[in-house]
Each structure stands twice: as C-alpha cells, then as structure tokens.
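Student: Supplied in structure tokens, the structure appears directly below.
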Amino acid sequence: MLDAGAVITADFREMPWWWEALPDDASPGYEAPLPQRADVLIVGAGLTGVAAAHDLACAGREVLVLDAGEPGQGASSRNHGMLGRNFKHPFAGLIARLGLAAAIGWYRELDEVYAATVARIETEGLDCGFRRCGRFIGALSPRHYESLAYEYELRARHLGAEVEILPAIRQREIGSARYHGGVLIHDNAALHPGLYMRAMLRRAQAAGARIVGRVAVQAIRRDGTGLTVLTEQGTVHARETIVATNGLTPPAFDWFAQRLVPIHAYTAMTEKLPAELARRLLPGHRTYHDNRRRSNPFLLAPDGSNRLLFSSRNGALPPRRMRDRAAALHRDMLFFFPELAGIRFTHAWAGRCAATWDLLPHAGVQDGIHYALGYCFSGNAMAPYLGSQIAARLLGRETAPSHFMMAGFPKVPLLARSRHFMPLLATYYSLADRPAARREPASAPTSGLRIPR
Ligand SMILES: Cc1cc2nc3c(=O)[nH]c(=O)nc-3n(C[C@H](O)[C@H](O)[C@H](O)COP(=O)(O)OP(=O)(O)OC[C@H]3O[C@@H](n4cnc5c(N)ncnc54)[C@H](O)[C@@H]3O)c2cc1C
C-alpha cells in the first residue's frame with residue numbers, strides 16, 4: 001500500500017488548486033471598520049450572500065456582508081466547478097411520489113435556476129472560465145446503467161432534456177474499463193470556481209455592497225426597530241439580516257444548524273498528465289461523475305494543463321492533514337484509471353457543504369431572519385438563484401412562487417446531527433451502491449420506455 005509521500009509532489013499544497021490558479025487583481029479588499037448600522041446585514045460571503053448583496057445594493061440598500069473567514073473561501077471556491085440542473089430527487093422518484101405534473105413543475109424551476117446562472121454569466125460577461133462542455137454520468141454496473149438510462153429517458157420524454165444515452169458498447173466518453181455505459185447531458189457546463197467567486201464578489205462590491213472579512217457573527221437578536229447583530233468586533237444594528245452560511249453554519253445559529261447536516265468533501269489535483277494520455281482518458285473534456293449516491297466526480301483542469309481533478313471519500317470525517325487523505329484518494333483514482341499509477345497530486349483540499357433532511361435546498365424567513373441554505377452539493381447555480389430570490393422578497397418584489405421557498409424546513413433528528421452520522425451513512429451508501437450490490441441505486445426501470453442496450 002502506498003503512503004502519502006509516494007503520491008504527492010515535493011511542492012504539494014493543502015489548498016484548493018483554484019486559488020493558486022487565480023490571476024492577481026487590484027482588489028478593493030475586505031478590511032474596513034464595522035459600521036454601527038446597515039439596512040441589510042448578510043452573514044456569509046459565498047455565492048448566496050454576495051448574490052443577495054448585489055441585488056439589494058442595486059436597489060439602493062446599504063448592505064454589509066460579514067464573513068468569519070476570507071470572503072469567498074467557503075465551499076463556493078473549493079468546489080468542482082460543475083454547472084447543471086443537479087437535484088438529489090430523481091425525476092422518476094418525484095413522478096412516483098407526486099405525479100407527473102408536479103414532478104415537471106419542480107424540474108422546470110431547476111431549468112430556471114440553471115438558465116438564470118448562465119444568463120448572468122453571459123450577459124454580464126463574468127470572467128469565470130465558463131464553458132458549455134457537457135456532462136457524462138457513467139454507470140458502474142449494468143444495473144446502474146438500467147437505472148440511469150431509465151431516469152434520463154423520462155427526462156428526455158417529459159422535459160425535452162438534450163441527452164444521449166450510451167450503452168456500454170457505444171461508451172467512448174471515458175477511457176476506463178470500469179464503466180458500463182452512461183448518459184451524456186449536452187446542455188451542462190463547467191466554470192472555474194475561484195474566478196467565479198471572485199467575479200461575484202467584485203460584482204457585489206461594484207454595486208455598493210460593503211464586504212468585510214474575518215468578522216464572525218456570534219448571534220442575531222431582535223430589538224425594537226430591527227435586529228442586533230453581535231460580532232467579534234462589536235454590535236451592528238440592521239433592519240434585516242440574511243443567513244447565508246450553508247455548510248459552515250455555526251452551532252450557535254441553532255434553528256439553522258438543527259436543519260443542516262454538514263458534509264466534508266475531499267478533492268485533489270494531479271500534476272500534468274501527458275497530453276496524449278489526457279486525450280485518451282477524457283477525450284470530450286467534459287465534467288464526469290456516476291450515479292451512485294457517493295459518486296466520484298472528476299474533470300480536467302480548464303486551463304489546458306491536462307491536470308486531473310478527482311474527488312472521493314466525501315462524507316468521511318476530516319483527517320488532521322489533507323496529505324494523510326491523499327493516499328486513499330490516489331487509490332480511488334487508480335480504480336478508474338490504473339494508467340495514472342505514477343502520477344502524483346500537487347494539491348488536495350477539503351470543503352464543507354450541507355445537506356438537509358428532505359434533500360431539498362431551502363430559502364425563507366424564520367423569526368425575522370432571512371436564509372437560503374442546504375444545496376446538497378449543487379450550489380453553483382442554486383446558491384445565487386436563492387440569494388437573489390431572498391433579496392427580491394426582502395425588496396417586496398413580486399416573484400413567481402419558488403418550490404424551494406414553499407416547503408417546510410424539517411429539523412434533522414438529533415442522532416443524525418452527530419459528527420459520526422454522515423461518515424456512517426456514507427459508508428452504507430458505498431456498500432449499498434457498489435457495482436456488485438443487488439440493490440438498485442435509483443428508480444427501477446419499468447416497461448414502456450426504450451432503453452438502448
Ligand atoms: C468539495 C465540494 C464540491 C462541490 N462541487 C460542486 C459542483 O461541482 N457544482 C455545484 O453546483 N456545487 C458544488 N458544491 C456545492 C457548492 O459549492 C455550495 O453549495 C455553494 O458554494 C454554497 O454557497 P454558499 O454561499 O451558500 O456557502 P459558502 O460558499 O460555504 O459560504 C458560506 C460562508 O459563510 C461564512 N460563515 C460561516 N459562519 C459564519 C459566521 N458565524 N459569521 C460570518 N460568516 C460566517 C463562511 O466563512 C463562508 O465564507 C460543492 C461543494 C463542495 C464542498
């Protein structure tokens with residue numbers, strides 16, 4: 001068995017490759033004395049918080065965004081940069097539970113979430129490495145393929161999704177013997193999360209929002225005229241507040257923390273692969289994952305350097321140092337790509353996302369505090385969408401009712417909030433969804449749909 005030293009380079013760094021790959025810019029910075037008052041105080045400067053801040057500042061509100069760390073350095077700039085209509089509830093499952101019309105309603109809003117994000121990037125010219133590269137979802141067994149093909153046949157039929165269902169014999173998307181076919185979603189994209197987050201921060205600042213880093217909010221209390229926000233550096237009075245802390249929500253925000261299950265996720269970036277090898281393994285330069293509940297996402301870096309970003313072991317307890325996780329990540333990478341045995345990691349990092357008990361994102365208002373949280377690993381489009389929805393509500397604007405603002409926000413049972421719950425559940429998922437398992441990973445196929453074989 002390899003130890004960490006054998007799979008990491010001498011200049012290995014425990015930080016997101018995305019941060020290092022950021023070009024320098026003359027940023028306005030995030031240092032400022034705290035004002036005593038703000039119209040709206042937003043807790044958390046990730047995609048959710050700064051999308052809301054932008055819209056509120058454009059409407060003339062005095063907006064203060066506080067972040068406990070460096071603004072933008074939460075999940076929003078640590079993620080894999082995949083952009084699509086991801087949802088933890090398969091379309092087939094929603095049809096079975098709610099009926100076709102309701103299932104279409106949920107998925108139509110996901111279309112809007114995706115379209116709003118792409119439109120923002122394209123019309124505002126956000127410099128974020130956006131590319132419409134398509135996504136390939138692979139199946140790791142014939143059974144996984146049946147289930148995946150069934151789901152996407154339904155989406156093509158009822159939602160007009162532009163997909164190609166590729167049985168094992170036609171699968172040329174991934175140069176790995178592990179896959180038994182899969183689905184290519186043409187209208188999916190990728191972006192550089194570091195650039196994207198930075199562009200969204202600058203956009204909010206340019207609209208007039210004040211963003212201050214390294215100030216943790218400790219509590220929010222109602223007072224006669226609004227809310228008193230207690231921070232490490234003093235008190236700020238705000239007429240309105242928004243909690244946008246997602247997977248990093250502190251236990252002190254008890255109502256919110258009781259509704260979220262934080263999930264640790266681990267990612268590594270390899271050194272440069274020989275160009276011919278990169279082309280052979282991933283000829284389409286798309287984004288990739290599979291349809292197990294504990295999937296392995298990967299993609300080639302967007303800068304043409306032929307580095308492979310690989311993610312694994314998500315949900316496990318964090319190690320003391322990321323280099324200690326590197327050997328396990330490397331082993332998992334070789335399961336798919338044995339040719340990479342001699343390729344080492346230059347970077348590895350952890351990030352924190354949040355799931356909810358009903359696996360739905362939620363936005364709304366609780367006891368006078370607005371929030372948008374719980375994106376279950378799909379926040380690149382959903383976080384700014386719900387941030388904007390919250391801002392619109394706060395401004396009293398008419399918006400179409402959102403599915404994500406109407407559902408009740410269930411509490412996570414106490415047992416499931418223990419730090420050991422998610423690692424145990426993740427292990428169960430790995431066993432239940434392993435290629436040889438008897439159990440179906442998603443909805444079982446039924447007759448009447450034509451699944452290519
Ligand atoms: C490894 C990983 C891979 C992912 N891959 C993808 C992907 O490919 N595609 C996709 O769509 N989504 C992906 N996601 C999910 C996506 O990154 C998140 O859903 C999204 O970034 C959440 O944005 P946010 O602004 O709500 O939270 P964050 O970006 O996490 O920001 C929350 C902020 O709140 C701050 N904060 C916390 N507590 C306090 C406090 N008390 N006071 C002040 N500030 C505080 C934090 O410092 C942080 O900056 C991934 C997530 C992870 C972790």
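Ordering of the structure tokens sets the chain letters (A, B, ...), residue numbers begin anew at 1 in every chain, and ligands are numbered from 1 in the order given.
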If you run DSSP over the backbone, which residues in range 246-282 of chain A end up alpha helix (DSSP H)? Put them as a list in words.

Tutor: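 The alpha helix (DSSP H) subset of range 246-282 of chain A is Asp254, Trp255, Phe256, Ala257, Ala275, Glu276, Leu277, Ala278, Arg279, Arg280 and Leu281 of chain A.
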
Student: Please produce a file of those selected residues containing N, CA and C atoms, as a compact mmCIF listing (two decimals), in the first residue's frame.

Tutor:
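Output saved as result_24.txt:
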# COMPACT_ATOMS: atom_id res chain seq x y z
N ASP A 254 -28.72 28.20 16.17
CA ASP A 254 -29.29 26.88 16.42
C ASP A 254 -30.43 26.46 15.51
N TRP A 255 -31.39 27.37 15.21
CA TRP A 255 -32.53 26.96 14.38
C TRP A 255 -32.03 26.45 13.01
N PHE A 256 -31.01 27.12 12.49
CA PHE A 256 -30.47 26.74 11.16
C PHE A 256 -29.61 25.48 11.28
N ALA A 257 -28.73 25.49 12.29
CA ALA A 257 -27.82 24.34 12.45
C ALA A 257 -28.61 23.05 12.68
N ALA A 275 -0.18 14.87 -22.65
CA ALA A 275 -1.37 15.31 -23.41
C ALA A 275 -2.10 14.13 -24.06
N GLU A 276 -1.32 13.19 -24.58
CA GLU A 276 -1.95 12.06 -25.29
C GLU A 276 -2.76 11.21 -24.29
N LEU A 277 -2.22 11.04 -23.09
CA LEU A 277 -2.92 10.24 -22.06
C LEU A 277 -4.22 10.95 -21.65
N ALA A 278 -4.15 12.26 -21.44
CA ALA A 278 -5.35 13.01 -21.05
C ALA A 278 -6.43 12.88 -22.12
N ARG A 279 -6.01 12.97 -23.40
CA ARG A 279 -6.98 12.85 -24.51
C ARG A 279 -7.61 11.46 -24.55
N ARG A 280 -6.80 10.45 -24.25
CA ARG A 280 -7.30 9.08 -24.30
C ARG A 280 -8.28 8.81 -23.14
N LEU A 281 -7.96 9.36 -21.97
CA LEU A 281 -8.82 9.09 -20.81
C LEU A 281 -10.14 9.87 -20.89

Student: I need the residues in range 193-292 of chain A that are strand (DSSP E or B) according to DSSP; give them as a PyMOL selection string.

Tutor: chain A and resi 210-212+217-222+227-231+234-243+261-270+287-290

Student: Show me which residues are within 6 Å of ligand 1 counting only C-alpha atoms and all ligand atoms, and format the list as a PyMOL selection string.

Tutor: chain A and resi 43-49+66-69+71-76+78-83+216-218+244-250+265-266+351-353+373+375+377-381+383

Student: A:Met382, A:Val63, A:Ile220, A:Leu227: which is nearest Gly84 in chain A, counting only C-alpha atoms?

Tutor: A:Met382

Student: Report, in Å with one decimal, the straight-line distance from CA of Gly315 in chain A to CA of Met333 in chain A.

Tutor: 17.1 Å

Student: Which distance in Å separates CA of Ser77 in chain A and CA of Thr270 in chain A, to one decimal?

Tutor: 18.1 Å

Student: Please provide the set of residues having any atom within 8 Å of range 188-190 of chain A, restricted to only C-alpha atoms, with same-chain residues fewer than 2 positions apart removed, written as number ranges by chain.

Tutor: A: 81-85, 129-135, 185-186, 192, 286-287

Student: Write out, as a compact mmCIF listing (two decimals), in the first residue's frame, the residues just selected, with N, CA and C atoms.

Tutor:
# COMPACT_ATOMS: atom_id res chain seq x y z
N GLY A 81 -16.67 22.93 -9.74
CA GLY A 81 -16.92 23.79 -10.90
C GLY A 81 -17.89 23.20 -11.91
N MET A 82 -18.72 22.25 -11.47
CA MET A 82 -19.71 21.68 -12.40
C MET A 82 -20.99 22.51 -12.32
N LEU A 83 -21.58 22.73 -13.47
CA LEU A 83 -22.79 23.56 -13.51
C LEU A 83 -23.86 22.79 -14.27
N GLY A 84 -24.97 22.56 -13.60
CA GLY A 84 -26.05 21.81 -14.26
C GLY A 84 -27.33 21.94 -13.46
N ARG A 85 -28.24 21.00 -13.69
CA ARG A 85 -29.55 21.04 -13.02
C ARG A 85 -29.60 19.92 -11.98
N GLY A 129 -14.27 31.43 -16.60
CA GLY A 129 -13.90 30.19 -17.29
C GLY A 129 -15.10 29.36 -17.71
N PHE A 130 -16.24 30.01 -17.90
CA PHE A 130 -17.47 29.27 -18.24
C PHE A 130 -17.31 28.57 -19.59
N ARG A 131 -17.67 27.30 -19.63
CA ARG A 131 -17.66 26.59 -20.93
C ARG A 131 -18.78 25.56 -20.93
N ARG A 132 -19.47 25.51 -22.07
CA ARG A 132 -20.55 24.52 -22.23
C ARG A 132 -19.91 23.24 -22.73
N CYS A 133 -19.52 22.39 -21.81
CA CYS A 133 -18.72 21.22 -22.18
C CYS A 133 -19.52 19.93 -22.13
N GLY A 134 -20.73 19.97 -21.59
CA GLY A 134 -21.50 18.74 -21.42
C GLY A 134 -21.01 17.96 -20.21
N ARG A 135 -21.88 17.08 -19.73
CA ARG A 135 -21.52 16.24 -18.57
C ARG A 135 -21.79 14.78 -18.91
N ILE A 185 -25.11 14.53 -21.04
CA ILE A 185 -26.05 15.66 -20.99
C ILE A 185 -25.37 16.81 -21.72
N HIS A 186 -25.89 17.15 -22.87
CA HIS A 186 -25.20 18.16 -23.69
C HIS A 186 -25.21 19.53 -23.05
N HIS A 192 -14.67 27.90 -13.51
CA HIS A 192 -13.55 27.93 -12.56
C HIS A 192 -14.09 28.56 -11.27
N ARG A 286 -15.12 16.97 -20.67
CA ARG A 286 -16.41 17.33 -20.07
C ARG A 286 -16.27 17.32 -18.56
N THR A 287 -17.39 17.34 -17.84
CA THR A 287 -17.37 17.01 -16.41
C THR A 287 -17.93 15.60 -16.26

Student: Using only C-alpha atoms, which protein or nucleic acid residues come within 6 Å of Ser311 in chain A? Drop anything in the same chain fewer than 4 positions from it, and give the result as a VMD selection string.

Tutor: chain A and resid 266 to 267 296 to 297

Student: Could you name the residues that touch Leu166 in chain A at 10 Å or less, counting only C-alpha atoms, but leaving out those on the same chain fewer than 5 positions away, as a list in words?

Tutor: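 Counting only the stated atoms, we get Phe136, Ile137, Gly138, Ala139, Tyr145, Ala149, Gln171, Arg172, Glu173, His180, Gly181, Gly182, Val183, Leu184, Ile451, Pro452 and Arg453 of chain A.
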
Student: Within 12 Å of range 26-32 of chain A, counting only C-alpha atoms, which residues qualify if same-chain residues fewer than 3 places away don't, as a list in words?

Tutor: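 With the cut-off at 12 Å, the set is Pro23, Pro35, Ala45, Leu64, Val65, Leu66, Asp67, Ala68, Gly69, Glu70, Pro71, Gly72, Arg198, Ala199, Leu201, Arg202, Arg203, Ala204, Gln205, Ala206, Gly208, Ala209, Arg210, Ile211, Val212, Gly213, Arg214, Val215 and Gln233 of chain A.
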
Student: Just checking: using only C-alpha atoms, which residue out of A:Leu22, A:Ile263, A:Ala436, A:Ala52 ends up closest to Met422 in chain A?

Tutor: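 Once distances to Met422 in chain A are computed over only C-alpha atoms, the minimum belongs to A:Ile263.
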